[in-house]
$ cat start-v3.tsv   # TSV, C-alpha atoms and all ligand atoms
chain	number	residue	atom	x	y	z
K	26	MET	CA	-52.99	97.81	-102.15
K	27	SER	CA	-51.03	97.53	-98.94
K	28	LYS	CA	-49.84	100.48	-96.91
K	29	ALA	CA	-46.36	99.94	-98.30
K	30	SER	CA	-47.74	100.35	-101.81
K	31	ALA	CA	-49.27	103.76	-101.18
K	32	ARG	CA	-46.73	105.62	-103.33
K	33	PRO	CA	-48.58	106.59	-106.54
K	34	LEU	CA	-47.40	105.18	-109.84
K	35	THR	CA	-46.26	107.98	-112.05
K	36	PRO	CA	-47.60	108.07	-115.61
K	37	GLN	CA	-44.33	109.68	-116.79
K	38	TYR	CA	-42.78	106.57	-118.29
K	39	ARG	CA	-39.69	106.35	-120.47
K	40	THR	CA	-38.54	103.54	-122.67
K	41	ILE	CA	-35.16	101.95	-121.97
K	42	SER	CA	-33.62	103.79	-124.91
K	43	GLN	CA	-34.49	107.06	-123.16
K	44	THR	CA	-33.15	106.21	-119.73
K	45	SER	CA	-29.90	107.57	-118.41
K	46	ALA	CA	-28.99	103.98	-117.47
K	47	SER	CA	-29.04	102.95	-121.11
K	48	GLN	CA	-26.93	105.93	-122.09
K	49	LYS	CA	-24.34	104.95	-119.51
K	50	ALA	CA	-24.50	101.29	-120.49
K	51	LEU	CA	-21.42	99.35	-119.43
K	52	PRO	CA	-19.65	97.07	-121.85
K	53	LEU	CA	-21.00	93.58	-121.92
K	54	SER	CA	-19.04	90.44	-121.40
K	55	LEU	CA	-19.91	86.79	-121.61
K	56	LYS	CA	-17.58	84.25	-120.06
K	57	THR	CA	-18.32	80.58	-120.21
K	58	SER	CA	-16.68	77.44	-118.96
K	59	GLY	CA	-17.65	73.78	-118.80
K	60	THR	CA	-18.90	71.73	-121.72
K	61	SER	CA	-18.46	72.94	-125.27
K	62	ALA	CA	-21.40	74.21	-127.25
K	63	ASN	CA	-21.14	71.42	-129.79
K	64	ALA	CA	-24.52	71.41	-131.52
K	65	GLY	CA	-24.45	67.70	-132.36
K	66	GLU	CA	-23.61	66.70	-128.82
K	67	ASN	CA	-26.28	69.04	-127.43
K	68	LYS	CA	-29.18	68.12	-129.67
K	69	SER	CA	-30.94	66.03	-127.07
K	70	LYS	CA	-29.88	68.07	-124.06
K	71	ILE	CA	-32.52	69.29	-121.67
K	72	LEU	CA	-32.18	72.78	-120.23
K	73	ARG	CA	-31.99	72.46	-116.45
K	74	MET	CA	-30.73	75.85	-115.53
K	75	LEU	CA	-29.93	77.97	-112.51
K	76	MET	CA	-30.48	81.71	-112.89
K	77	PHE	CA	-28.00	83.01	-110.38
K	78	GLY	CA	-27.45	86.58	-109.21
K	79	LYS	CA	-27.81	89.24	-106.55
K	80	PRO	CA	-31.22	90.39	-105.39
K	81	GLY	CA	-32.56	92.66	-108.11
K	82	ALA	CA	-30.06	91.49	-110.72
K	83	GLY	CA	-32.90	90.66	-113.11
K	84	LYS	CA	-33.30	86.91	-112.51
K	85	GLY	CA	-37.09	87.08	-112.59
K	86	THR	CA	-37.19	89.47	-115.54
K	87	LEU	CA	-34.85	87.40	-117.72
K	88	SER	CA	-36.42	84.05	-116.75
K	89	ALA	CA	-39.82	85.47	-117.73
K	90	ARG	CA	-38.45	86.52	-121.11
K	91	LEU	CA	-37.10	83.03	-121.80
K	92	VAL	CA	-40.35	81.43	-120.65
K	93	LYS	CA	-42.42	83.77	-122.80
K	94	LYS	CA	-40.46	82.96	-125.93
K	95	TYR	CA	-39.49	79.30	-125.47
K	96	GLU	CA	-41.12	76.14	-124.16
K	97	ILE	CA	-39.41	76.42	-120.80
K	98	LEU	CA	-40.91	76.40	-117.31
K	99	SER	CA	-39.51	78.46	-114.49
K	100	LEU	CA	-39.68	78.18	-110.73
K	101	SER	CA	-38.88	81.16	-108.54
K	102	THR	CA	-38.52	80.31	-104.86
K	103	GLY	CA	-39.28	83.94	-103.95
K	104	ASP	CA	-42.57	83.76	-105.89
K	105	LEU	CA	-43.38	80.35	-104.38
K	106	LEU	CA	-42.79	81.68	-100.87
K	107	ARG	CA	-44.90	84.78	-101.54
K	108	GLN	CA	-47.72	82.45	-102.67
K	109	HIS	CA	-47.33	80.37	-99.51
K	110	ILE	CA	-47.47	83.58	-97.45
K	111	ALA	CA	-50.59	84.79	-99.26
K	112	GLU	CA	-52.28	81.41	-98.73
K	113	ARG	CA	-51.23	81.25	-95.05
K	114	THR	CA	-49.80	77.74	-95.39
K	115	GLU	CA	-47.48	76.30	-92.73
K	116	VAL	CA	-44.43	77.25	-94.83
K	117	GLY	CA	-46.00	80.66	-95.50
K	118	ARG	CA	-46.48	81.40	-91.81
K	119	MET	CA	-42.84	80.53	-91.17
K	120	ALA	CA	-41.62	82.48	-94.21
K	121	GLU	CA	-43.52	85.71	-93.62
K	122	GLU	CA	-41.20	87.32	-91.12
K	123	ILE	CA	-38.00	85.84	-92.55
K	124	VAL	CA	-38.75	87.16	-96.05
K	125	ALA	CA	-39.92	90.56	-94.78
K	126	THR	CA	-36.66	91.02	-92.87
K	127	GLY	CA	-34.37	89.77	-95.65
K	128	GLY	CA	-33.31	86.51	-93.94
K	129	LEU	CA	-33.12	83.03	-95.47
K	130	LEU	CA	-35.38	80.06	-94.77
K	131	PRO	CA	-33.79	76.78	-93.59
K	132	ASP	CA	-32.20	74.67	-96.34
K	133	ASP	CA	-34.28	71.52	-95.71
K	134	ILE	CA	-37.59	73.43	-95.93
K	135	MET	CA	-36.49	75.09	-99.15
K	136	LEU	CA	-35.44	71.76	-100.68
K	137	LYS	CA	-38.94	70.38	-100.04
K	138	VAL	CA	-40.63	73.49	-101.42
K	139	VAL	CA	-38.58	73.25	-104.60
K	140	THR	CA	-38.49	69.51	-105.22
K	141	SER	CA	-42.24	69.15	-104.70
K	142	LYS	CA	-42.60	71.22	-107.89
K	143	LEU	CA	-39.43	70.25	-109.74
K	144	ASP	CA	-40.06	66.53	-109.57
K	145	MET	CA	-43.17	67.00	-111.71
K	146	LEU	CA	-41.17	68.40	-114.62
K	147	HIS	CA	-39.94	65.17	-116.28
K	148	ASN	CA	-38.13	65.80	-119.55
K	149	LYS	CA	-39.12	69.45	-119.52
K	150	HIS	CA	-36.78	72.39	-119.93
K	151	TRP	CA	-36.71	74.39	-116.70
K	152	ILE	CA	-35.09	77.34	-114.93
K	153	LEU	CA	-34.65	77.69	-111.18
K	154	ASP	CA	-34.59	81.29	-109.93
K	155	GLY	CA	-33.59	81.89	-106.30
K	156	PHE	CA	-32.55	78.35	-105.41
K	157	PRO	CA	-30.00	77.22	-104.34
K	158	ARG	CA	-28.97	80.14	-102.18
K	159	THR	CA	-26.48	78.53	-99.80
K	160	LEU	CA	-23.75	75.91	-100.23
K	161	GLY	CA	-25.95	73.53	-98.26
K	162	GLN	CA	-28.82	74.02	-100.70
K	163	GLY	CA	-26.44	73.58	-103.65
K	164	LYS	CA	-25.27	70.21	-102.36
K	165	LEU	CA	-28.79	69.06	-101.48
K	166	LEU	CA	-29.99	69.99	-104.94
K	167	ASP	CA	-27.07	68.27	-106.68
K	168	ASP	CA	-27.66	65.07	-104.71
K	169	HIS	CA	-31.36	65.17	-105.44
K	170	LEU	CA	-30.87	65.74	-109.17
K	171	LYS	CA	-28.13	63.13	-109.43
K	172	THR	CA	-30.28	60.41	-107.88
K	173	ARG	CA	-32.90	61.20	-110.52
K	174	GLY	CA	-30.31	61.22	-113.33
K	175	THR	CA	-31.19	64.83	-114.18
K	176	PRO	CA	-28.14	66.97	-113.34
K	177	LEU	CA	-28.00	70.70	-113.98
K	178	SER	CA	-26.97	71.57	-117.51
K	179	LEU	CA	-26.45	75.34	-117.22
K	180	VAL	CA	-25.63	77.88	-114.50
K	181	VAL	CA	-25.98	81.52	-115.55
K	182	ASN	CA	-24.56	84.19	-113.28
K	183	LEU	CA	-26.00	87.68	-113.81
K	184	ASP	CA	-23.23	90.03	-112.84
K	185	VAL	CA	-24.78	93.48	-112.25
K	186	ALA	CA	-23.18	96.22	-110.16
K	187	ASP	CA	-24.72	97.02	-106.75
K	188	GLU	CA	-25.34	100.71	-107.65
K	189	VAL	CA	-27.36	99.70	-110.72
K	190	ILE	CA	-29.48	97.31	-108.68
K	191	LEU	CA	-30.18	99.72	-105.84
K	192	SER	CA	-31.63	102.28	-108.22
K	193	ARG	CA	-33.98	99.66	-109.74
K	194	ILE	CA	-35.52	98.35	-106.57
K	195	SER	CA	-37.42	101.49	-105.59
K	196	ASP	CA	-39.08	101.41	-109.02
K	197	ARG	CA	-40.14	97.76	-108.87
K	198	TRP	CA	-43.82	96.81	-108.64
K	199	VAL	CA	-45.09	93.24	-108.76
K	200	HIS	CA	-48.26	91.30	-109.51
K	201	LEU	CA	-48.23	89.00	-106.53
K	202	PRO	CA	-50.37	86.07	-107.82
K	203	SER	CA	-48.28	85.58	-110.99
K	204	GLY	CA	-44.91	86.99	-109.93
K	205	ARG	CA	-44.91	89.35	-112.95
K	206	VAL	CA	-42.40	92.14	-112.41
K	207	TYR	CA	-42.68	95.76	-113.58
K	208	ASN	CA	-40.37	98.71	-113.31
K	209	LEU	CA	-41.54	102.29	-113.70
K	210	SER	CA	-38.72	103.31	-116.04
K	211	TYR	CA	-37.74	99.98	-117.64
K	212	ASN	CA	-40.92	97.98	-118.25
K	213	PRO	CA	-43.93	99.88	-116.91
K	214	PRO	CA	-47.43	98.36	-116.90
K	215	LYS	CA	-49.69	99.46	-119.76
K	216	VAL	CA	-52.16	100.96	-117.25
K	217	PRO	CA	-50.45	102.58	-114.25
K	218	GLY	CA	-50.78	100.44	-111.13
K	219	LEU	CA	-52.40	97.45	-112.87
K	220	ASP	CA	-51.14	94.09	-114.14
K	221	ASP	CA	-51.12	93.88	-117.95
K	222	ALA	CA	-52.62	90.38	-118.10
K	223	THR	CA	-55.29	90.45	-115.38
K	224	GLY	CA	-55.90	94.15	-114.66
K	225	GLU	CA	-55.38	93.39	-110.97
K	226	PRO	CA	-53.54	95.88	-108.73
K	227	LEU	CA	-49.76	95.82	-108.47
K	228	THR	CA	-48.06	96.00	-105.08
K	229	LYS	CA	-44.67	96.76	-103.59
K	230	ARG	CA	-42.81	93.85	-102.03
K	231	PRO	CA	-42.42	94.37	-98.27
K	232	ASP	CA	-38.71	93.53	-98.59
K	233	ASP	CA	-38.12	96.23	-101.25
K	234	ASN	CA	-36.99	99.06	-99.00
K	235	PRO	CA	-33.41	100.32	-98.63
K	236	GLU	CA	-32.82	98.87	-95.17
K	237	ILE	CA	-34.06	95.34	-95.92
K	238	PHE	CA	-32.53	95.39	-99.35
K	239	ALA	CA	-29.11	96.08	-97.79
K	240	ARG	CA	-29.64	93.00	-95.58
K	241	ARG	CA	-30.55	90.86	-98.61
K	242	LEU	CA	-27.41	92.02	-100.38
K	243	GLU	CA	-25.33	91.17	-97.30
K	244	LYS	CA	-26.88	87.70	-97.21
K	245	PHE	CA	-26.05	87.29	-100.86
K	246	TYR	CA	-22.37	88.04	-100.33
K	247	ALA	CA	-22.14	85.94	-97.16
K	248	SER	CA	-24.16	82.86	-98.13
K	249	THR	CA	-25.00	82.80	-101.83
K	250	SER	CA	-21.98	84.05	-103.75
K	251	PRO	CA	-19.72	81.16	-102.54
K	252	LEU	CA	-21.97	78.89	-104.60
K	253	LEU	CA	-20.41	80.23	-107.79
K	254	ALA	CA	-16.99	78.92	-106.83
K	255	TYR	CA	-18.65	75.64	-105.87
K	256	TYR	CA	-20.19	75.27	-109.32
K	257	LYS	CA	-16.95	76.25	-111.02
K	258	THR	CA	-15.02	73.54	-109.20
K	259	GLU	CA	-17.65	70.88	-108.57
K	260	ALA	CA	-19.82	71.10	-111.66
K	261	SER	CA	-19.89	67.87	-113.55
K	262	ARG	CA	-18.92	67.67	-117.20
K	263	THR	CA	-22.53	68.15	-118.13
K	264	THR	CA	-22.88	71.58	-116.53
K	265	ARG	CA	-21.92	74.75	-118.35
K	266	ILE	CA	-21.20	77.89	-116.33
K	267	ALA	CA	-21.67	81.33	-117.87
K	268	SER	CA	-21.26	84.81	-116.46
K	269	LEU	CA	-23.14	87.65	-118.15
K	270	SER	CA	-22.40	91.22	-117.22
K	271	GLY	CA	-23.93	94.51	-118.25
K	272	SER	CA	-25.91	97.31	-116.71
K	273	THR	CA	-29.29	96.46	-118.23
K	274	SER	CA	-31.21	93.30	-119.00
K	275	ASP	CA	-31.63	94.57	-122.55
K	276	GLU	CA	-27.88	94.25	-122.97
K	277	ILE	CA	-27.78	90.88	-121.29
K	278	TRP	CA	-30.81	89.38	-123.05
K	279	PRO	CA	-29.23	88.85	-126.52
K	280	GLN	CA	-26.22	87.18	-124.88
K	281	LEU	CA	-28.44	84.97	-122.74
K	282	GLU	CA	-30.66	83.99	-125.64
K	283	GLY	CA	-27.65	83.22	-127.83
K	284	LEU	CA	-26.11	81.05	-125.12
K	285	VAL	CA	-29.31	79.11	-124.51
K	286	ARG	CA	-30.07	78.59	-128.21
K	287	THR	CA	-26.55	77.41	-129.01
K	288	SER	CA	-26.32	75.10	-126.04
K	289	PHE	CA	-29.86	73.68	-126.41
K	290	PRO	CA	-30.67	73.62	-130.12
K	291	ASN	CA	-33.75	71.46	-129.56
K	292	LEU	CA	-35.52	74.22	-127.58
K	293	LYS	CA	-38.77	75.15	-129.28
K	294	GLU	CA	-40.27	78.58	-129.49
K	295	ARG	CA	-43.77	78.87	-128.13
K	296	ALA	CA	-46.49	78.54	-130.74
K	297	GLU	CA	-47.98	81.97	-130.11
K	298	THR	CA	-44.60	83.59	-130.68
K	299	ARG	CA	-44.26	81.80	-134.00
K	300	GLU	CA	-47.78	82.86	-134.97
K	301	GLN	CA	-47.11	86.45	-134.05
K	302	ARG	CA	-43.94	86.35	-136.12
K	303	LEU	CA	-45.82	84.69	-138.95
K	304	ARG	CA	-48.51	87.40	-138.93
K	305	HIS	CA	-45.82	90.03	-138.95
K	306	SER	CA	-43.91	88.34	-141.74
K	307	LEU	CA	-47.06	87.78	-143.82
K	308	SER	CA	-48.00	91.43	-143.52
K	309	ASP	CA	-44.54	92.29	-144.79
K	310	ALA	CA	-45.05	89.76	-147.62
K	311	VAL	CA	-41.58	88.34	-147.10
K	312	ILE	CA	-42.39	84.80	-146.04
K	313	SER	CA	-42.09	81.89	-148.44
K	314	ARG	CA	-44.80	79.24	-148.79
K	315	SER	CA	-42.57	76.49	-147.39
K	316	GLU	CA	-41.65	78.61	-144.40
K	317	HIS	CA	-45.33	79.38	-143.87
K	318	ASP	CA	-46.14	75.64	-143.86
K	319	SER	CA	-43.35	74.79	-141.47
K	320	LEU	CA	-44.34	77.59	-139.12
K	321	THR	CA	-47.99	76.59	-138.97
K	322	LYS	CA	-47.65	72.82	-138.63
K	323	TYR	CA	-46.86	72.89	-134.87
U	1	LIG	P1	-36.51	86.43	-104.21
U	1	LIG	O1	-37.87	86.83	-104.58
U	1	LIG	O2	-35.84	85.36	-104.96
U	1	LIG	O3	-35.61	87.73	-104.17
U	1	LIG	P2	-34.13	88.02	-104.67
U	1	LIG	O4	-33.20	86.92	-104.95
U	1	LIG	O5	-33.70	88.99	-103.63
U	1	LIG	O6	-34.30	88.55	-106.08
U	1	LIG	P3	-35.34	89.59	-106.59
U	1	LIG	O7	-36.62	88.90	-106.93
U	1	LIG	O8	-35.42	90.77	-105.65
U	1	LIG	O9	-34.62	90.13	-107.88
U	1	LIG	P4	-34.50	89.50	-109.34
U	1	LIG	O10	-33.08	89.14	-109.59
U	1	LIG	O11	-35.56	88.50	-109.62
U	1	LIG	O12	-34.72	90.82	-110.18
U	1	LIG	P5	-36.00	91.32	-111.02
U	1	LIG	O13	-36.11	90.59	-112.31
U	1	LIG	O14	-37.23	91.40	-110.16
U	1	LIG	O15	-36.49	86.00	-102.66
U	1	LIG	C1	-37.15	86.77	-101.69
U	1	LIG	C2	-36.88	86.21	-100.30
U	1	LIG	O16	-37.39	84.86	-100.20
U	1	LIG	C3	-35.42	86.09	-99.88
U	1	LIG	O17	-34.91	87.31	-99.39
U	1	LIG	C4	-35.51	85.00	-98.79
U	1	LIG	O18	-35.99	85.53	-97.59
U	1	LIG	C5	-36.55	84.05	-99.36
U	1	LIG	N1	-35.94	82.98	-100.17
U	1	LIG	C6	-36.10	82.81	-101.53
U	1	LIG	N2	-35.40	81.76	-101.97
U	1	LIG	C7	-34.79	81.24	-100.86
U	1	LIG	C8	-33.90	80.15	-100.67
U	1	LIG	N3	-33.50	79.39	-101.70
U	1	LIG	N4	-33.44	79.90	-99.43
U	1	LIG	C9	-33.83	80.64	-98.37
U	1	LIG	N5	-34.68	81.70	-98.48
U	1	LIG	C10	-35.14	81.99	-99.73
U	1	LIG	O19	-35.51	92.79	-111.37
U	1	LIG	C11	-35.36	93.73	-110.34
U	1	LIG	C12	-35.91	95.06	-110.77
U	1	LIG	O20	-35.09	95.55	-111.79
U	1	LIG	C13	-37.32	95.00	-111.37
U	1	LIG	O21	-38.00	96.19	-111.07
U	1	LIG	C14	-37.06	94.92	-112.85
U	1	LIG	O22	-38.14	95.42	-113.63
U	1	LIG	C15	-35.86	95.81	-112.92
U	1	LIG	N6	-35.05	95.54	-114.06
U	1	LIG	C16	-34.76	94.33	-114.59
U	1	LIG	N7	-34.01	94.54	-115.67
U	1	LIG	C17	-33.84	95.90	-115.78
U	1	LIG	C18	-33.15	96.72	-116.69
U	1	LIG	N8	-32.53	96.22	-117.71
U	1	LIG	N9	-33.14	98.04	-116.50
U	1	LIG	C19	-33.81	98.61	-115.46
U	1	LIG	N10	-34.50	97.87	-114.58
U	1	LIG	C20	-34.50	96.54	-114.75
U	2	MG	MG	-37.16	87.73	-108.50
$ encode --input "start-v3.tsv" --output "structure tokens"
Amino acid sequence: MSKASARPLTPQYRTISQTSASQKALPLSLKTSGTSANAGENKSKILRMLMFGKPGAGKGTLSARLVKKYEILSLSTGDLLRQHIAERTEVGRMAEEIVATGGLLPDDIMLKVVTSKLDMLHNKHWILDGFPRTLGQGKLLDDHLKTRGTPLSLVVNLDVADEVILSRISDRWVHLPSGRVYNLSYNPPKVPGLDDATGEPLTKRPDDNPEIFARRLEKFYASTSPLLAYYKTEASRTTRIASLSGSTSDEIWPQLEGLVRTSFPNLKERAETREQRLRHSLSDAVISRSEHDSLTKY
């Protein structure tokens, strides 16, 4: 682990239902605009979604939940840049200092980083986390997607208060190679300090300290938040805009899942999730034969 990660992971974990944050949970609201959620009209729609929000709002956490449950792919520009940095690529060498100090990389570089991956996802459902981050990037992305006939279909804004976010960041640990995110009080690793899937060590992000975090938040207000107004006014008829607010992702998750399922009824759950549910249902002896057959034929 790096020097910055020297702080020991405490084994004193609490579940979300035990945290003071959950007890002080703010009311939730979901506001949407844009196209209607007409199921017939949306049957063939592909999810091409922006997960939009402040640093630490939960973009990575909620994208990972969607990806785990549904056949959706996600691209996080922060994770991509951290991989470039770890591999010492040309982009990585340029990104290292900018990321560590909470700045933003140039728009044209970011467009290339993103589209080199995005262009491979024909007819797939996808989520972009962390891009676009400036008006320039928003316009570049729109132009790129329009020329390919694949415009955005959903923009989700995670509206979480600054105070809530600041308290989360000091508790965040990450598995760098995969981008998996943990939080000591919210979703701790099964074994302290180690990634659940690989058993590899978790680290602190170099930009997760109060001083740099304040800079990232400033950048968000100065450069990124104007994008919301842009999407509200410029979004084509095919793009739905939704704002989800609440103090925890556990409050936001049911709203997000409901929105995505209603707007994209053709989204499929991942097979392993169905199997897990099937095993559970079978053990409870509540599943019918026909449901069993339909669940296992995928
Ligand atoms: P990036 O990695 O994208 O950072 P960010 O936008 O600042 O967002 P974060 O990853 O910090 O937060 P998140 O919203 O994903 O929250 P998370 O789910 O982890 O970018 C890093 C840097 O790369 C940038 O600063 C910039 O330099 C560069 N960069 C990236 N994209 C760029 C672009 N397009 N243009 C130019 N430069 C770019 O959650 C946060 C914490 O909260 C976690 O610990 C999590 O476990 C916890 N948490 C989540 N939900 C809850 C809950 N319900 N209760 C308690 N804790 C919770
Ligand atoms: Mg993230």
$ residues_near_ligand --input "start-v3.tsv" --ligand "ligand LIG 1 (chain U)" --cutoff "6 Å" --atoms "all atoms listed in the file" --output "ChimeraX atom specification"
/K:80-86,102-104,123-124,127-130,135,155-158,193-194,196-197,206-208,211-212,241,273-275
$ atom_distance --input "start-v3.tsv" --atom1 "CA of Pro213 in chain K" --atom2 "CA of Leu87 in chain K"
15.5 Å
$ atom_distance --input "start-v3.tsv" --atom1 "CA of Lys93 in chain K" --atom2 "CA of Leu143 in chain K"
19.0 Å
$ closest_residue --input "start-v3.tsv" --among "K:Leu72, K:Val139, K:Leu201, K:Leu219" --to "ligand MG 2 (chain U)" --atoms "all atoms listed in the file"
K:Leu201
$ residues_near_point --input "start-v3.tsv" --point "(-22.5, 85.0, -110.8)" --cutoff "7 Å" --atoms "all atoms listed in the file" --output "short mmCIF file (atom, residue, chain, number, x, y, z; two decimals) with C-alpha atoms, keeping the file's coordinate frame"
data_model
loop_
_atom_site.label_atom_id
_atom_site.label_comp_id
_atom_site.auth_asym_id
_atom_site.auth_seq_id
_atom_site.Cartn_x
_atom_site.Cartn_y
_atom_site.Cartn_z
CA PHE K 77 -28.00 83.01 -110.38
CA GLY K 78 -27.45 86.58 -109.21
CA VAL K 181 -25.98 81.52 -115.55
CA ASN K 182 -24.56 84.19 -113.28
CA LEU K 183 -26.00 87.68 -113.81
CA ASP K 184 -23.23 90.03 -112.84
CA LEU K 253 -20.41 80.23 -107.79
CA SER K 268 -21.26 84.81 -116.46
#
$ closest_residue --input "start-v3.tsv" --among "K:Pro176, K:Gly161, K:Gly204, K:Pro235" --to "ligand MG 2 (chain U)" --atoms "only C-alpha atoms and all ligand atoms"
K:Gly204
$ atom_distance --input "start-v3.tsv" --atom1 "CA of Arg73 in chain K" --atom2 "CA of Leu179 in chain K"
6.3 Å
$ closest_residue --input "start-v3.tsv" --among "K:Ser270, K:Thr258, K:Ser101, K:Asn148" --to "ligand MG 2 (chain U)" --atoms "all atoms listed in the file"
K:Ser101
$ closest_residue --input "start-v3.tsv" --among "K:Leu191, K:Ile134, K:Ala89, K:Ile71" --to "Leu242 in chain K" --atoms "all atoms listed in the file"
K:Leu191
$ closest_residue --input "start-v3.tsv" --among "K:Thr114, K:Ser250, K:Gln162, K:Ser272" --to "Ser192 in chain K" --atoms "all atoms listed in the file"
K:Ser272
$ closest_residue --input "start-v3.tsv" --among "K:Leu177, K:Val138, K:Leu153, K:Val216" --to "ligand MG 2 (chain U)" --atoms "all atoms listed in the file"
K:Leu153
